[in-house]
Amino acid sequence: MRTRPQDPAKTPSTLKTRAAAASVATSLILAVVKLAAGFASGSLALLSEGAHNALDIGASALTFYAVREADKPPDADHPYGHAKFEAVAALAQTGFLAALSIGVAFEAIERIREGGAPVDVNAFAIGAIVFSIAADTVRWRALTHVARMTSSHALLADALHYSSDLISSVLVLLGLAATRAGYPHGDALAAIGVAGFIAVAGYRLGRATIDALVDRAPDGLPDAIRALVVNTRGVAGIEAIRLRPSGAKIVGEIIVWVSRTLPLERVAAIKADALARIARRWPQAEVTMTANPLALSDETILESVLLIAARRGLPVHHISIQDIEGRKSVALDLEVDRAMPLGDAHRLASDLEDAIAEEIGYGVEVETHIEPAEPEARVQSAEPDLARRIEASLAAAAAAQGNLRDIHDVRVRETPGGVFVLFHCRVDAATPVEAVHDAVDALERSVREAFPEARRVVGHAEPAGTDGGR
């Protein structure tokens, strides 16, 4: 399926940059208008708002710079990207807001204490504040929309900031109206209200910014991801979930427990399944997953023995596990290089026995039978006459026994150590495996007795009715 390329003008980076640039321009216009009206009327509330907008120019410019930097891709010095530039910009805005609120409140209190300066509530002052209310309404709605679309901390900080500006402007308008109605302290009281709203906006912005800078996990997300991952097939438990916001993304790691008996391919599949489920539900999450091995309570002694041997690269077989007078007994065959000195082979066996005893419990009895591993050897087909005689012997022994039938796929090979015989036979599918094994063993022994040169005989039993499948 062919997909249409995304319009460059609608990419998150472009949207954030344009919104920040428009905010800078708006702050510049409002600062000029409010300061002019404030000086013309003598209104402290208007002058405070104008000074606030003048600081907004710097704050918005800082936001403009931050969103451009935050969209840079990860590099060697910033492997997790540059998203926290936005949080740093928002923290700087918090400082601006705190300083301004203190300054405005101090000046307003001084005016009230000293009797207040006359305020000329003229059409210019009223018009300036009405224009400011309209401009801040448009700017607040636009910034909030883009911030939510792009998950931008800096733009969200700007939107929060200008929502308080909107309320502050309404207070200024009320203060001017009160002054014109004959209340001389109306303007100063409005200025104190403006300072309060600036302080509240700074607190809210600072709290959100500090949460981002100290990597506070998003509310409820770790528990939601935990519930999803723990129900993934193959996950035995969760050791840790570490998440943090990074601009529009959530990054982190998840450490899970899986059965230590699982092969690496299965562990990789479990991790891929869990990560895919997370990505479907939270596309903004970019997490890594580590799987640690765990001995599960339902792990059998046989699984433990096989795992211990596999970790040491030791081939073992014929493992028997018995319970004798309340304690466990483990016996197994250990294959080693046929040329290995007995002393070295015995050390391997002793180390394996100690590891099994430590895993299962020191009351366990562990015995190993050391045998030479079969070497890889060049072989050739045996003489046809010998092959025919061995096949006939197998068929006769099977007929005499009665359990096995249809001897087929007989292969007889000459090896440096003697004759090697392989054959297939069929048996009723309902016959217990133990009975089948004993019957095949008896057939193998009959060949070795009839043909002393037969070094090894391997029989493969198939359920009757199958077509020679393995």
# chains A, B, ... in the order shown; residues from 1 in each chain; ligands from 1
call {"tool": "select_by_dssp", "arguments": {"residues": "stretch 312-460 of chain A", "states": "strand (DSSP E or B)", "output": "PyMOL selection string"}}
result
chain A and resi 316-324+327-336+365-372+380-381+405-415+418-427+454-460
call {"tool": "select_by_dssp", "arguments": {"residues": "stretch 257-440 of chain A", "states": "helix (DSSP H, G or I)", "output": "ChimeraX atom specification"}}
result
/A:264-281,301-311,342-360,384-401,433-440
call {"tool": "write_last_selection", "arguments": {"atoms": "C-alpha atoms", "output": "PDB file, in the first residue's frame"}}
result
ATOM      1  CA  LEU A 264      17.453 -17.885  23.951  1.00  0.00           C
ATOM      2  CA  GLU A 265      15.162 -17.891  20.916  1.00  0.00           C
ATOM      3  CA  ARG A 266      12.100 -18.298  23.145  1.00  0.00           C
ATOM      4  CA  VAL A 267      13.286 -15.523  25.498  1.00  0.00           C
ATOM      5  CA  ALA A 268      13.761 -13.193  22.509  1.00  0.00           C
ATOM      6  CA  ALA A 269      10.234 -14.012  21.304  1.00  0.00           C
ATOM      7  CA  ILE A 270       8.754 -13.241  24.756  1.00  0.00           C
ATOM      8  CA  LYS A 271      10.478  -9.854  24.840  1.00  0.00           C
ATOM      9  CA  ALA A 272       9.372  -9.015  21.293  1.00  0.00           C
ATOM     10  CA  ASP A 273       5.765  -9.935  22.123  1.00  0.00           C
ATOM     11  CA  ALA A 274       5.695  -7.774  25.266  1.00  0.00           C
ATOM     12  CA  LEU A 275       7.276  -4.776  23.517  1.00  0.00           C
ATOM     13  CA  ALA A 276       4.863  -5.065  20.595  1.00  0.00           C
ATOM     14  CA  ARG A 277       1.885  -5.024  22.983  1.00  0.00           C
ATOM     15  CA  ILE A 278       3.267  -1.906  24.698  1.00  0.00           C
ATOM     16  CA  ALA A 279       3.836  -0.158  21.348  1.00  0.00           C
ATOM     17  CA  ARG A 280       0.269  -0.869  20.213  1.00  0.00           C
ATOM     18  CA  ARG A 281      -1.245   0.657  23.337  1.00  0.00           C
ATOM     19  CA  ILE A 301      15.020 -31.928  38.905  1.00  0.00           C
ATOM     20  CA  LEU A 302      15.529 -33.258  35.374  1.00  0.00           C
ATOM     21  CA  GLU A 303      15.275 -29.720  33.947  1.00  0.00           C
ATOM     22  CA  SER A 304      17.736 -28.476  36.571  1.00  0.00           C
ATOM     23  CA  VAL A 305      20.280 -31.204  35.788  1.00  0.00           C
ATOM     24  CA  LEU A 306      20.045 -30.608  32.037  1.00  0.00           C
ATOM     25  CA  LEU A 307      20.431 -26.850  32.542  1.00  0.00           C
ATOM     26  CA  ILE A 308      23.486 -27.210  34.801  1.00  0.00           C
ATOM     27  CA  ALA A 309      25.176 -29.534  32.314  1.00  0.00           C
ATOM     28  CA  ALA A 310      24.297 -27.317  29.342  1.00  0.00           C
ATOM     29  CA  ARG A 311      25.809 -24.273  31.035  1.00  0.00           C
ATOM     30  CA  LEU A 342      40.965 -39.842  33.327  1.00  0.00           C
ATOM     31  CA  GLY A 343      42.137 -37.245  35.855  1.00  0.00           C
ATOM     32  CA  ASP A 344      40.740 -34.387  33.775  1.00  0.00           C
ATOM     33  CA  ALA A 345      37.516 -36.288  33.079  1.00  0.00           C
ATOM     34  CA  HIS A 346      37.068 -37.044  36.763  1.00  0.00           C
ATOM     35  CA  ARG A 347      37.463 -33.361  37.651  1.00  0.00           C
ATOM     36  CA  LEU A 348      34.755 -32.451  35.137  1.00  0.00           C
ATOM     37  CA  ALA A 349      32.466 -35.084  36.611  1.00  0.00           C
ATOM     38  CA  SER A 350      33.156 -33.978  40.211  1.00  0.00           C
ATOM     39  CA  ASP A 351      32.481 -30.312  39.381  1.00  0.00           C
ATOM     40  CA  LEU A 352      29.223 -31.301  37.712  1.00  0.00           C
ATOM     41  CA  GLU A 353      28.207 -33.423  40.712  1.00  0.00           C
ATOM     42  CA  ASP A 354      28.960 -30.543  43.110  1.00  0.00           C
ATOM     43  CA  ALA A 355      26.932 -28.098  41.023  1.00  0.00           C
ATOM     44  CA  ILE A 356      23.943 -30.459  40.924  1.00  0.00           C
ATOM     45  CA  ALA A 357      24.173 -31.065  44.670  1.00  0.00           C
ATOM     46  CA  GLU A 358      24.344 -27.324  45.375  1.00  0.00           C
ATOM     47  CA  GLU A 359      21.311 -26.678  43.170  1.00  0.00           C
ATOM     48  CA  ILE A 360      19.110 -29.507  44.430  1.00  0.00           C
ATOM     49  CA  PRO A 384      25.628 -56.011   0.147  1.00  0.00           C
ATOM     50  CA  ASP A 385      25.806 -59.624   1.333  1.00  0.00           C
ATOM     51  CA  LEU A 386      26.423 -58.549   4.956  1.00  0.00           C
ATOM     52  CA  ALA A 387      23.600 -56.000   4.749  1.00  0.00           C
ATOM     53  CA  ARG A 388      21.178 -58.644   3.418  1.00  0.00           C
ATOM     54  CA  ARG A 389      22.103 -61.128   6.163  1.00  0.00           C
ATOM     55  CA  ILE A 390      21.670 -58.515   8.918  1.00  0.00           C
ATOM     56  CA  GLU A 391      18.305 -57.431   7.502  1.00  0.00           C
ATOM     57  CA  ALA A 392      17.143 -61.044   7.393  1.00  0.00           C
ATOM     58  CA  SER A 393      18.312 -61.583  10.982  1.00  0.00           C
ATOM     59  CA  LEU A 394      16.343 -58.527  12.114  1.00  0.00           C
ATOM     60  CA  ALA A 395      13.192 -59.688  10.346  1.00  0.00           C
ATOM     61  CA  ALA A 396      13.469 -63.189  11.845  1.00  0.00           C
ATOM     62  CA  ALA A 397      14.032 -61.865  15.382  1.00  0.00           C
ATOM     63  CA  ALA A 398      11.093 -59.488  15.037  1.00  0.00           C
ATOM     64  CA  ALA A 399       8.809 -62.259  13.812  1.00  0.00           C
ATOM     65  CA  ALA A 400       9.846 -64.479  16.704  1.00  0.00           C
ATOM     66  CA  GLN A 401       9.252 -61.697  19.204  1.00  0.00           C
ATOM     67  CA  VAL A 433       6.950 -46.592  25.267  1.00  0.00           C
ATOM     68  CA  GLU A 434       8.655 -48.725  27.929  1.00  0.00           C
ATOM     69  CA  ALA A 435       7.474 -51.939  26.264  1.00  0.00           C
ATOM     70  CA  VAL A 436       8.532 -50.677  22.834  1.00  0.00           C
ATOM     71  CA  HIS A 437      11.968 -49.728  24.155  1.00  0.00           C
ATOM     72  CA  ASP A 438      12.489 -53.178  25.683  1.00  0.00           C
ATOM     73  CA  ALA A 439      11.431 -54.869  22.439  1.00  0.00           C
ATOM     74  CA  VAL A 440      13.757 -52.724  20.301  1.00  0.00           C
TER      75      VAL A 440
END
call {"tool": "closest_residue", "arguments": {"among": "A:Lys34, A:His424, A:Arg180, A:His317", "to": "A:Val410", "atoms": "only C-alpha atoms"}}
result
A:His424
call {"tool": "atom_distance", "arguments": {"atom1": "atom CA of A:Glu376", "atom2": "atom CA of A:Val447"}}
result
23.4 Å
call {"tool": "closest_residue", "arguments": {"among": "A:Ala178, A:Gly417, A:Ala25, A:Val287", "to": "A:Arg378", "atoms": "only C-alpha atoms"}}
result
A:Gly417
call {"tool": "atom_distance", "arguments": {"atom1": "atom CA of A:Ala373", "atom2": "atom CA of A:Pro263"}}
result
24.1 Å
call {"tool": "residues_around", "arguments": {"residues": "stretch 453-468 of chain A", "least_positions_apart": "4", "cutoff": "6 Å", "atoms": "only C-alpha atoms", "output": "PyMOL selection string"}}
result
chain A and resi 418-429+444+448
call {"tool": "write_last_selection", "arguments": {"atoms": "N, CA and C atoms", "output": "CSV table (one decimal), in the first residue's frame"}}
result
chain,number,residue,atom,x,y,z
A,418,GLY,N,34.1,-50.8,13.6
A,418,GLY,CA,33.2,-51.9,13.4
A,418,GLY,C,32.0,-51.5,12.6
A,419,VAL,N,31.0,-52.5,12.5
A,419,VAL,CA,29.8,-52.3,11.7
A,419,VAL,C,28.8,-51.5,12.5
A,420,PHE,N,28.2,-50.5,11.8
A,420,PHE,CA,27.1,-49.7,12.4
A,420,PHE,C,25.8,-50.0,11.7
A,421,VAL,N,24.8,-50.4,12.5
A,421,VAL,CA,23.5,-50.8,11.9
A,421,VAL,C,22.4,-49.8,12.4
A,422,LEU,N,21.5,-49.4,11.4
A,422,LEU,CA,20.4,-48.6,11.7
A,422,LEU,C,19.2,-49.2,11.0
A,423,PHE,N,18.0,-49.2,11.7
A,423,PHE,CA,16.8,-49.8,11.1
A,423,PHE,C,15.6,-49.2,11.7
A,424,HIS,N,14.5,-49.3,10.9
A,424,HIS,CA,13.2,-48.8,11.4
A,424,HIS,C,12.2,-50.1,11.5
A,425,CYS,N,11.3,-49.9,12.4
A,425,CYS,CA,10.3,-51.0,12.5
A,425,CYS,C,9.0,-50.4,12.9
A,426,ARG,N,7.9,-51.1,12.9
A,426,ARG,CA,6.6,-50.6,13.3
A,426,ARG,C,6.0,-51.4,14.4
A,427,VAL,N,5.2,-50.7,15.2
A,427,VAL,CA,4.6,-51.3,16.4
A,427,VAL,C,3.2,-50.7,16.6
A,428,ASP,N,2.3,-51.4,17.3
A,428,ASP,CA,1.0,-50.8,17.6
A,428,ASP,C,1.1,-49.5,18.3
A,429,ALA,N,0.4,-48.4,17.9
A,429,ALA,CA,0.5,-47.1,18.5
A,429,ALA,C,0.1,-47.0,19.9
A,444,GLU,N,18.0,-55.3,19.0
A,444,GLU,CA,19.4,-54.8,18.9
A,444,GLU,C,20.4,-55.9,19.4
A,448,ARG,N,23.7,-58.0,17.6
A,448,ARG,CA,25.0,-58.0,18.1
A,448,ARG,C,25.5,-59.4,18.5
call {"tool": "atom_distance", "arguments": {"atom1": "atom CA of A:Thr232", "atom2": "atom CA of A:Pro245"}}
result
24.3 Å
call {"tool": "closest_residue", "arguments": {"among": "A:Ala147, A:Ile255, A:Val24, A:Leu332", "to": "A:Val366", "atoms": "only C-alpha atoms"}}
result
A:Leu332
call {"tool": "residues_around", "arguments": {"residues": "A:Arg327", "least_positions_apart": "3", "cutoff": "9 Å", "atoms": "only C-alpha atoms", "output": "PyMOL selection string"}}
result
chain A and resi 322-324+363-365
